[in-house]
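Structure file upload.cif; described as mmCIF, C-alpha atoms.
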data_input
#
loop_
_atom_site.label_atom_id
_atom_site.label_comp_id
_atom_site.auth_asym_id
_atom_site.auth_seq_id
_atom_site.Cartn_x
_atom_site.Cartn_y
_atom_site.Cartn_z
CA MET A 23 111.39 93.60 118.46
CA LEU A 24 108.40 93.73 116.16
CA PRO A 25 108.98 91.71 112.93
CA GLU A 26 109.07 94.01 109.90
CA ASN A 27 106.84 91.57 108.02
CA PRO A 28 103.32 92.17 109.38
CA SER A 29 102.40 88.51 108.73
CA GLU A 30 104.98 87.39 111.34
CA ARG A 31 103.87 89.67 114.21
CA ARG A 32 102.57 87.75 117.22
CA PHE A 33 101.60 88.54 120.83
CA GLU A 34 105.08 87.55 122.09
CA ASP A 35 106.62 90.40 120.04
CA TYR A 36 104.69 93.17 121.85
CA ALA A 37 106.89 93.93 124.88
CA VAL A 38 105.76 96.22 127.71
CA GLY A 39 107.70 99.48 127.55
CA ALA A 40 108.56 99.21 123.85
CA VAL A 41 108.13 102.46 121.89
CA PHE A 42 107.46 102.68 118.14
CA GLU A 43 107.34 105.80 115.97
CA PHE A 44 106.10 106.01 112.40
CA GLY A 45 104.61 108.42 109.89
CA SER A 46 104.26 111.01 108.51
CA VAL A 47 101.01 112.03 106.84
CA ALA A 48 99.56 115.48 106.03
CA LEU A 49 95.95 116.26 105.12
CA THR A 50 94.96 118.89 102.59
CA GLN A 51 91.98 121.17 103.23
CA ASP A 52 90.12 119.38 100.42
CA GLU A 53 90.69 115.99 102.10
CA ILE A 54 89.54 117.41 105.44
CA VAL A 55 86.34 118.83 103.97
CA ALA A 56 85.61 115.68 101.93
CA PHE A 57 85.93 113.38 104.97
CA ALA A 58 83.83 115.67 107.15
CA ARG A 59 81.03 116.08 104.60
CA GLN A 60 80.55 112.31 104.76
CA TYR A 61 81.31 111.46 108.38
CA ASP A 62 81.39 114.59 110.59
CA PRO A 63 79.61 117.51 108.87
CA GLN A 64 80.29 120.16 111.52
CA ASP A 65 81.00 123.69 110.24
CA MET A 66 84.50 123.80 111.79
CA HIS A 67 85.41 120.93 109.40
CA THR A 68 83.37 121.82 106.31
CA ASP A 69 82.71 125.58 106.08
CA PRO A 70 85.83 127.71 105.51
CA ALA A 71 84.03 131.03 106.16
CA LEU A 72 82.40 129.99 109.46
CA ALA A 73 85.60 128.22 110.50
CA ALA A 74 87.68 131.34 109.77
CA ALA A 75 85.42 133.35 112.10
CA GLY A 76 85.57 130.65 114.80
CA PRO A 77 87.99 129.94 117.67
CA HIS A 78 90.55 128.13 115.46
CA GLY A 79 90.75 130.75 112.70
CA GLY A 80 90.17 128.23 109.92
CA ILE A 81 89.19 124.71 108.96
CA ILE A 82 90.33 121.97 111.35
CA ALA A 83 90.21 118.21 110.71
CA SER A 84 87.54 115.99 112.22
CA GLY A 85 89.08 114.20 115.18
CA TRP A 86 87.79 110.99 113.58
CA GLN A 87 89.82 111.66 110.47
CA THR A 88 92.91 112.11 112.65
CA MET A 89 91.95 108.75 114.17
CA GLY A 90 91.74 107.28 110.66
CA VAL A 91 95.20 108.61 109.78
CA MET A 92 96.53 107.05 112.99
CA MET A 93 94.75 103.79 112.27
CA ARG A 94 96.17 103.49 108.76
CA LEU A 95 99.74 103.96 110.07
CA PHE A 96 99.01 101.70 113.07
CA THR A 97 97.82 98.94 110.71
CA GLU A 98 100.79 99.27 108.36
CA HIS A 99 103.57 99.63 110.94
CA TYR A 100 102.37 97.97 114.12
CA LEU A 101 99.47 95.48 113.88
CA PRO A 102 99.78 91.92 112.53
CA LYS A 103 98.43 91.21 109.06
CA ASN A 104 95.12 89.34 109.05
CA GLY A 105 94.64 90.02 112.76
CA LEU A 106 91.66 89.98 115.11
CA ALA A 107 89.00 92.67 115.65
CA ALA A 108 89.60 95.03 118.58
CA PRO A 109 87.00 95.12 121.37
CA GLY A 110 87.38 98.88 121.85
CA VAL A 111 89.48 101.87 122.82
CA ASP A 112 89.58 104.07 125.93
CA GLU A 113 90.28 107.75 126.58
CA VAL A 114 90.27 109.37 123.16
CA ARG A 115 91.50 112.98 123.54
CA TRP A 116 92.14 115.73 120.99
CA PRO A 117 94.34 118.20 122.91
CA ARG A 118 95.00 120.45 119.89
CA PRO A 119 93.37 120.93 116.48
CA VAL A 120 94.81 119.53 113.24
CA PHE A 121 95.09 122.13 110.46
CA PRO A 122 95.51 121.53 106.72
CA GLY A 123 99.16 120.79 105.96
CA ASP A 124 100.07 119.70 109.49
CA THR A 125 102.51 116.78 109.38
CA LEU A 126 101.33 113.97 111.61
CA ARG A 127 103.31 111.06 113.02
CA VAL A 128 102.41 108.33 115.48
CA ARG A 129 104.13 107.21 118.68
CA VAL A 130 103.04 103.95 120.34
CA THR A 131 104.13 102.94 123.86
CA ILE A 132 103.11 99.49 125.11
CA LEU A 133 101.65 99.83 128.60
CA GLU A 134 100.46 96.30 129.30
CA ALA A 135 100.38 92.89 127.63
CA ARG A 136 98.84 89.70 129.00
CA ARG A 137 97.60 86.40 127.66
CA SER A 138 93.88 85.87 127.54
CA ARG A 139 92.68 83.56 130.30
CA SER A 140 89.64 82.36 128.36
CA LYS A 141 91.29 82.04 124.90
CA PRO A 142 94.92 80.87 125.18
CA ASP A 143 95.60 81.40 121.45
CA ARG A 144 95.67 85.18 121.92
CA GLY A 145 96.79 88.00 124.19
CA LEU A 146 95.56 91.48 125.04
CA VAL A 147 97.93 94.38 124.35
CA HIS A 148 97.23 97.85 125.75
CA PRO A 149 99.27 100.60 124.07
CA PHE A 150 99.18 104.36 124.60
CA VAL A 151 99.02 105.97 121.17
CA GLU A 152 99.93 109.60 120.47
CA VAL A 153 99.56 111.48 117.20
CA LEU A 154 102.05 114.34 117.12
CA ASN A 155 102.19 117.33 114.77
CA GLN A 156 105.31 118.91 113.21
CA HIS A 157 105.93 120.82 116.48
CA GLY A 158 105.95 117.58 118.49
CA GLU A 159 102.61 118.51 120.08
CA GLN A 160 99.93 115.92 120.80
CA VAL A 161 96.87 116.28 118.57
CA LEU A 162 95.32 112.90 119.46
CA THR A 163 95.87 110.40 122.26
CA VAL A 164 94.04 107.09 122.62
CA LYS A 165 94.36 103.84 124.54
CA PRO A 166 93.37 100.96 122.24
CA ILE A 167 92.75 97.40 123.38
CA ASN A 168 94.26 94.98 120.84
CA MET A 169 93.81 91.22 120.66
CA ILE A 170 96.87 89.62 119.09
CA ARG A 171 97.35 85.94 118.16
CA CYS A 172 100.12 84.09 120.04
CA ARG A 173 103.05 82.33 118.36
CA ASN A 174 102.92 79.61 121.04
CA ALA A 175 99.27 78.94 121.85
CA MET B 12 63.19 119.28 124.14
CA LEU B 13 65.92 119.75 121.57
CA PRO B 14 65.00 122.43 118.99
CA GLU B 15 64.56 120.87 115.54
CA ASN B 16 66.58 123.72 114.03
CA PRO B 17 70.24 122.88 114.83
CA SER B 18 71.12 126.61 114.94
CA GLU B 19 68.87 127.05 117.99
CA ARG B 20 70.25 124.19 120.11
CA ARG B 21 71.89 125.38 123.35
CA PHE B 22 73.25 123.81 126.54
CA GLU B 23 69.96 124.44 128.38
CA ASP B 24 68.17 122.11 125.91
CA TYR B 25 70.24 119.03 126.83
CA ALA B 26 68.38 117.55 129.81
CA VAL B 27 69.78 114.71 131.90
CA GLY B 28 67.78 111.54 131.22
CA ALA B 29 66.54 112.64 127.79
CA VAL B 30 66.71 109.95 125.10
CA PHE B 31 66.95 110.58 121.37
CA GLU B 32 66.78 108.06 118.53
CA PHE B 33 67.60 108.68 114.90
CA GLY B 34 68.78 106.94 111.75
CA SER B 35 68.95 104.74 109.78
CA VAL B 36 71.99 104.18 107.56
CA ALA B 37 73.28 101.03 105.83
CA LEU B 38 76.77 100.53 104.37
CA THR B 39 77.43 98.55 101.20
CA GLN B 40 80.43 96.22 100.97
CA ASP B 41 81.99 98.63 98.46
CA GLU B 42 81.65 101.54 100.91
CA ILE B 43 83.14 99.41 103.70
CA VAL B 44 86.14 98.40 101.59
CA ALA B 45 86.69 101.95 100.26
CA PHE B 46 86.75 103.49 103.76
CA ALA B 47 89.03 100.78 105.12
CA ARG B 48 91.53 101.02 102.25
CA GLN B 49 92.09 104.65 103.21
CA TYR B 50 91.73 104.63 106.99
CA ASP B 51 91.84 101.07 108.40
CA PRO B 52 93.39 98.65 105.89
CA GLN B 53 92.98 95.46 107.92
CA ASP B 54 92.09 92.30 105.96
CA MET B 55 88.79 91.79 107.82
CA HIS B 56 87.66 95.11 106.26
CA THR B 57 89.33 94.99 102.84
CA ASP B 58 89.92 91.39 101.69
CA PRO B 59 86.71 89.41 100.99
CA ALA B 60 88.53 86.04 100.66
CA LEU B 61 90.53 86.33 103.90
CA ALA B 62 87.48 87.78 105.67
CA ALA B 63 85.30 84.88 104.49
CA ALA B 64 87.78 82.41 106.04
CA GLY B 65 87.97 84.43 109.29
CA PRO B 66 85.88 84.41 112.48
CA HIS B 67 83.13 86.67 111.03
CA GLY B 68 82.58 84.74 107.78
CA GLY B 69 82.88 87.84 105.62
CA ILE B 70 83.79 91.51 105.37
CA ILE B 71 82.96 93.60 108.45
CA ALA B 72 83.07 97.41 108.67
CA SER B 73 85.91 99.26 110.36
CA GLY B 74 84.73 100.31 113.81
CA TRP B 75 85.88 103.81 112.85
CA GLN B 76 83.50 103.85 109.90
CA THR B 77 80.68 102.87 112.25
CA MET B 78 81.83 105.79 114.41
CA GLY B 79 81.67 108.05 111.33
CA VAL B 80 78.12 106.91 110.55
CA MET B 81 77.18 107.65 114.16
CA MET B 82 78.91 111.04 114.02
CA ARG B 83 77.10 112.12 110.85
CA LEU B 84 73.71 111.29 112.40
CA PHE B 85 74.78 112.83 115.74
CA THR B 86 75.75 116.07 113.95
CA GLU B 87 72.53 116.24 111.95
CA HIS B 88 70.05 115.26 114.66
CA TYR B 89 71.62 116.17 118.00
CA LEU B 90 74.52 118.67 118.00
CA PRO B 91 74.09 122.46 117.54
CA LYS B 92 75.05 123.95 114.20
CA ASN B 93 78.37 125.83 114.24
CA GLY B 94 79.27 124.32 117.62
CA LEU B 95 82.48 123.84 119.57
CA ALA B 96 85.16 121.15 119.20
CA ALA B 97 84.85 118.16 121.55
CA PRO B 98 87.74 117.46 123.95
CA GLY B 99 87.37 113.70 123.59
CA VAL B 100 85.34 110.53 124.06
CA ASP B 101 85.56 107.68 126.57
CA GLU B 102 84.88 103.94 126.43
CA VAL B 103 84.50 103.14 122.75
CA ARG B 104 83.28 99.55 122.42
CA TRP B 105 82.32 97.45 119.42
CA PRO B 106 80.30 94.57 120.95
CA ARG B 107 79.28 93.07 117.58
CA PRO B 108 80.53 93.41 114.00
CA VAL B 109 78.75 95.48 111.33
CA PHE B 110 78.13 93.59 108.08
CA PRO B 111 77.32 95.01 104.64
CA GLY B 112 73.61 95.88 104.48
CA ASP B 113 73.11 96.12 108.26
CA THR B 114 70.70 98.95 109.08
CA LEU B 115 72.17 101.20 111.76
CA ARG B 116 70.40 103.68 114.01
CA VAL B 117 71.59 105.77 116.92
CA ARG B 118 70.25 106.10 120.47
CA VAL B 119 71.57 108.91 122.70
CA THR B 120 70.88 109.06 126.44
CA ILE B 121 72.10 112.15 128.34
CA LEU B 122 73.92 111.02 131.47
CA GLU B 123 75.23 114.31 132.83
CA ALA B 124 75.16 118.03 131.99
CA ARG B 125 76.91 120.83 133.86
CA ARG B 126 78.03 124.36 133.18
CA SER B 127 81.72 124.95 132.76
CA ARG B 128 83.26 126.57 135.83
CA SER B 129 86.08 128.24 133.90
CA LYS B 130 84.05 129.32 130.81
CA PRO B 131 80.48 130.35 131.76
CA ASP B 132 79.39 130.67 128.11
CA ARG B 133 79.32 126.90 127.70
CA GLY B 134 78.42 123.62 129.37
CA LEU B 135 79.69 120.06 129.27
CA VAL B 136 77.22 117.36 128.20
CA HIS B 137 78.04 113.66 128.69
CA PRO B 138 75.78 111.36 126.66
CA PHE B 139 75.87 107.59 126.28
CA VAL B 140 75.62 106.80 122.59
CA GLU B 141 74.60 103.42 121.17
CA VAL B 142 74.58 102.35 117.55
CA LEU B 143 72.04 99.54 117.07
CA ASN B 144 71.61 97.19 114.14
CA GLN B 145 68.32 95.97 112.61
CA HIS B 146 68.03 93.36 115.38
CA GLY B 147 68.28 96.03 118.09
CA GLU B 148 71.77 94.80 119.05
CA GLN B 149 74.56 97.19 120.05
CA VAL B 150 77.34 97.39 117.45
CA LEU B 151 79.02 100.51 118.93
CA THR B 152 78.83 102.27 122.27
CA VAL B 153 80.72 105.44 123.17
CA LYS B 154 80.67 108.17 125.82
CA PRO B 155 81.43 111.51 124.13
CA ILE B 156 82.22 114.71 125.99
CA ASN B 157 80.48 117.62 124.25
CA MET B 158 80.95 121.33 124.89
CA ILE B 159 77.74 123.21 124.08
CA ARG B 160 77.22 127.00 124.08
CA CYS B 161 74.69 128.34 126.64
CA ARG B 162 71.63 130.40 125.73
CA ASN B 163 72.08 132.42 128.93
CA ALA B 164 75.81 132.95 129.46
#
Now that the file is in, can you turn its structure into structure tokens?
Amino acid sequence: MLPENPSERRFEDYAVGAVFEFGSVALTQDEIVAFARQYDPQDMHTDPALAAAGPHGGIIASGWQTMGVMMRLFTEHYLPKNGLAAPGVDEVRWPRPVFPGDTLRVRVTILEARRSRSKPDRGLVHPFVEVLNQHGEQVLTVKPINMIRCRNA
Amino acid sequence: MLPENPSERRFEDYAVGAVFEFGSVALTQDEIVAFARQYDPQDMHTDPALAAAGPHGGIIASGWQTMGVMMRLFTEHYLPKNGLAAPGVDEVRWPRPVFPGDTLRVRVTILEARRSRSKPDRGLVHPFVEVLNQHGEQVLTVKPINMIRCRNA
């Protein structure tokens, strides 16, 4: 069980096999275009006319904005407060596009959790994270590597 | 040689072994906090007092904002205009933190390029992308998978 209070979450609470679901968030076309103009100015994300003529039939969200939506929910509902920086993530995939108005939720499944050998005050947790749309389809999957402080160091 | 005009860039221009460098961009603390409040509200990115007491001695940028800085430069200097959506990226790593005022540039090395077997109008290009700070140190590495339209389909 993950403590509801993010300040109380510790490595020992992240059990292999545990599944968490949270959300939802929808992005407007204006939010999609605004993010992309700053951080991913590709026409499929910023130019409604070119996007309408393209393979998706309209504007789609930057995959990095979908990642940001996931990360906000992941921080609020899953990570400890005042935690440690993550060393990285593996296997980011965007199996389907995210359109304006799509309702996104997050599912986290813990694949692996082990104490650090070199730093006994923390553990490494490897979840599989899915972002699902209103049809239950995956729009983002990613395998983060999270360092979490231990309760009993 | 990659055509300077992004509209002219095609699969045939992305040669294995080619190296591209571009940038630079610096983030202010205000920009770091504003991004993180929306997309990665962890204290190390949003709370100057907690961050100052933490392992980095101050606010550090969300790794996803560093990715966004990379992506904007990657779009402007490397990708074709009006291109195709990417299926994903592999091996995202943040070896060092990004601090306010750090000057970031991007280095792209093309590792692999092959035509799609199923869709002969495009090819798959696998670069290794590094974001380097003003000391030449890696702050982000990532292996994107890019689908690029062919000149000769």
Name the residues, using the chain letters and numbers of the file, that sit within 6 Å of (84.8, 100.0, 106.8) when counting all atoms listed in the file, and give them as a list in words. Ile43, Val44, Phe46, Ala47, His56, Ala72, Ser73 and Gln76 of chain B
For this file, the PyMOL selection byres ((chain A) within 10 of (chain B)) selects which residues, as an MDAnalysis selection string? chainID A and resid 57:67 69 72:73 76:78 82 84:98 101:119 162:167
Selected residues, C-alpha atoms, written as a short mmCIF file (atom, residue, chain, number, x, y, z; two decimals), keeping the file's coordinate frame, please.
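Result went into result-v1.cif, see below:
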data_model
loop_
_atom_site.label_atom_id
_atom_site.label_comp_id
_atom_site.auth_asym_id
_atom_site.auth_seq_id
_atom_site.Cartn_x
_atom_site.Cartn_y
_atom_site.Cartn_z
CA PHE A 57 85.93 113.38 104.97
CA ALA A 58 83.83 115.67 107.15
CA ARG A 59 81.03 116.08 104.60
CA GLN A 60 80.55 112.31 104.76
CA TYR A 61 81.31 111.46 108.38
CA ASP A 62 81.39 114.59 110.59
CA PRO A 63 79.61 117.51 108.87
CA GLN A 64 80.29 120.16 111.52
CA ASP A 65 81.00 123.69 110.24
CA MET A 66 84.50 123.80 111.79
CA HIS A 67 85.41 120.93 109.40
CA ASP A 69 82.71 125.58 106.08
CA LEU A 72 82.40 129.99 109.46
CA ALA A 73 85.60 128.22 110.50
CA GLY A 76 85.57 130.65 114.80
CA PRO A 77 87.99 129.94 117.67
CA HIS A 78 90.55 128.13 115.46
CA ILE A 82 90.33 121.97 111.35
CA SER A 84 87.54 115.99 112.22
CA GLY A 85 89.08 114.20 115.18
CA TRP A 86 87.79 110.99 113.58
CA GLN A 87 89.82 111.66 110.47
CA THR A 88 92.91 112.11 112.65
CA MET A 89 91.95 108.75 114.17
CA GLY A 90 91.74 107.28 110.66
CA VAL A 91 95.20 108.61 109.78
CA MET A 92 96.53 107.05 112.99
CA MET A 93 94.75 103.79 112.27
CA ARG A 94 96.17 103.49 108.76
CA LEU A 95 99.74 103.96 110.07
CA PHE A 96 99.01 101.70 113.07
CA THR A 97 97.82 98.94 110.71
CA GLU A 98 100.79 99.27 108.36
CA LEU A 101 99.47 95.48 113.88
CA PRO A 102 99.78 91.92 112.53
CA LYS A 103 98.43 91.21 109.06
CA ASN A 104 95.12 89.34 109.05
CA GLY A 105 94.64 90.02 112.76
CA LEU A 106 91.66 89.98 115.11
CA ALA A 107 89.00 92.67 115.65
CA ALA A 108 89.60 95.03 118.58
CA PRO A 109 87.00 95.12 121.37
CA GLY A 110 87.38 98.88 121.85
CA VAL A 111 89.48 101.87 122.82
CA ASP A 112 89.58 104.07 125.93
CA GLU A 113 90.28 107.75 126.58
CA VAL A 114 90.27 109.37 123.16
CA ARG A 115 91.50 112.98 123.54
CA TRP A 116 92.14 115.73 120.99
CA PRO A 117 94.34 118.20 122.91
CA ARG A 118 95.00 120.45 119.89
CA PRO A 119 93.37 120.93 116.48
CA LEU A 162 95.32 112.90 119.46
CA THR A 163 95.87 110.40 122.26
CA VAL A 164 94.04 107.09 122.62
CA LYS A 165 94.36 103.84 124.54
CA PRO A 166 93.37 100.96 122.24
CA ILE A 167 92.75 97.40 123.38
#
What does the structure give for the distance between CA of Met23 (chain A) and CA of Ala64 (chain B), in Å to one decimal? 28.9 Å
If we draw a sphere of 10 Å around (103.1, 88.9, 114.1), which residues have at least one atom in it when counting all atoms listed in the file? Please report them as a list in words.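 It turns out the residues near that spot are Leu24, Pro25, Glu26, Asn27, Pro28, Ser29, Glu30, Arg31, Arg32, Phe33, Glu34, Asp35, Tyr36, Tyr100, Leu101, Pro102, Lys103, Asn104, Gly105, Ile170, Arg171, Cys172 and Arg173 of chain A.
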For Leu154 (chain A), find every residue with an atom within 10 Å (counting all atoms listed in the file), except residues of its own chain fewer than 6 positions away, and show them as a short mmCIF file (atom, residue, chain, number, x, y, z; two decimals) with C-alpha atoms, keeping the file's coordinate frame.
data_model
loop_
_atom_site.label_atom_id
_atom_site.label_comp_id
_atom_site.auth_asym_id
_atom_site.auth_seq_id
_atom_site.Cartn_x
_atom_site.Cartn_y
_atom_site.Cartn_z
CA GLY A 45 104.61 108.42 109.89
CA SER A 46 104.26 111.01 108.51
CA ARG A 118 95.00 120.45 119.89
CA VAL A 120 94.81 119.53 113.24
CA ASP A 124 100.07 119.70 109.49
CA THR A 125 102.51 116.78 109.38
CA LEU A 126 101.33 113.97 111.61
CA ARG A 127 103.31 111.06 113.02
CA VAL A 128 102.41 108.33 115.48
CA ARG A 129 104.13 107.21 118.68
CA GLN A 160 99.93 115.92 120.80
CA VAL A 161 96.87 116.28 118.57
CA LEU A 162 95.32 112.90 119.46
CA THR A 163 95.87 110.40 122.26
#
Could you check how far CA of Ile121 (chain B) sits from CA of Pro138 (chain B), in Å to one decimal? 4.1 Å
Nearest to His88 (chain B): which of B:Val119, B:Gln40, B:Asn144, B:Gly134 is it, counting only C-alpha atoms?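 Counting only C-alpha atoms, the residue closest to His88 (chain B) is B:Val119.
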Padding 8 Å on every side, please: axis-aligned box over the listed atoms of region 121-131 of chain B, centre and edge lengths to one decimal in Å, as lines of an AutoDock Vina configuration file.
center_x = 79.1
center_y = 120.7
center_z = 132.1
size_x = 30.0
size_y = 35.3
size_z = 23.5
For the provided coordinates, the residues matched by the PyMOL selection byres ((chain A and resi 146) around 7) should be stated as a list of chain:residue names.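 Selected by the PyMOL selection byres ((chain A and resi 146) around 7) in this file: A:Ala135, A:Arg136, A:Arg137, A:Ser138, A:Gly145, A:Val147, A:His148, A:Ile167, A:Asn168, A:Met169, A:Ile170.
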Selection from above, C-alpha atoms, as a compact mmCIF listing (two decimals), keeping the file's coordinate frame, can you write it?
# COMPACT_ATOMS: atom_id res chain seq x y z
CA ALA A 135 100.38 92.89 127.63
CA ARG A 136 98.84 89.70 129.00
CA ARG A 137 97.60 86.40 127.66
CA SER A 138 93.88 85.87 127.54
CA GLY A 145 96.79 88.00 124.19
CA VAL A 147 97.93 94.38 124.35
CA HIS A 148 97.23 97.85 125.75
CA ILE A 167 92.75 97.40 123.38
CA ASN A 168 94.26 94.98 120.84
CA MET A 169 93.81 91.22 120.66
CA ILE A 170 96.87 89.62 119.09
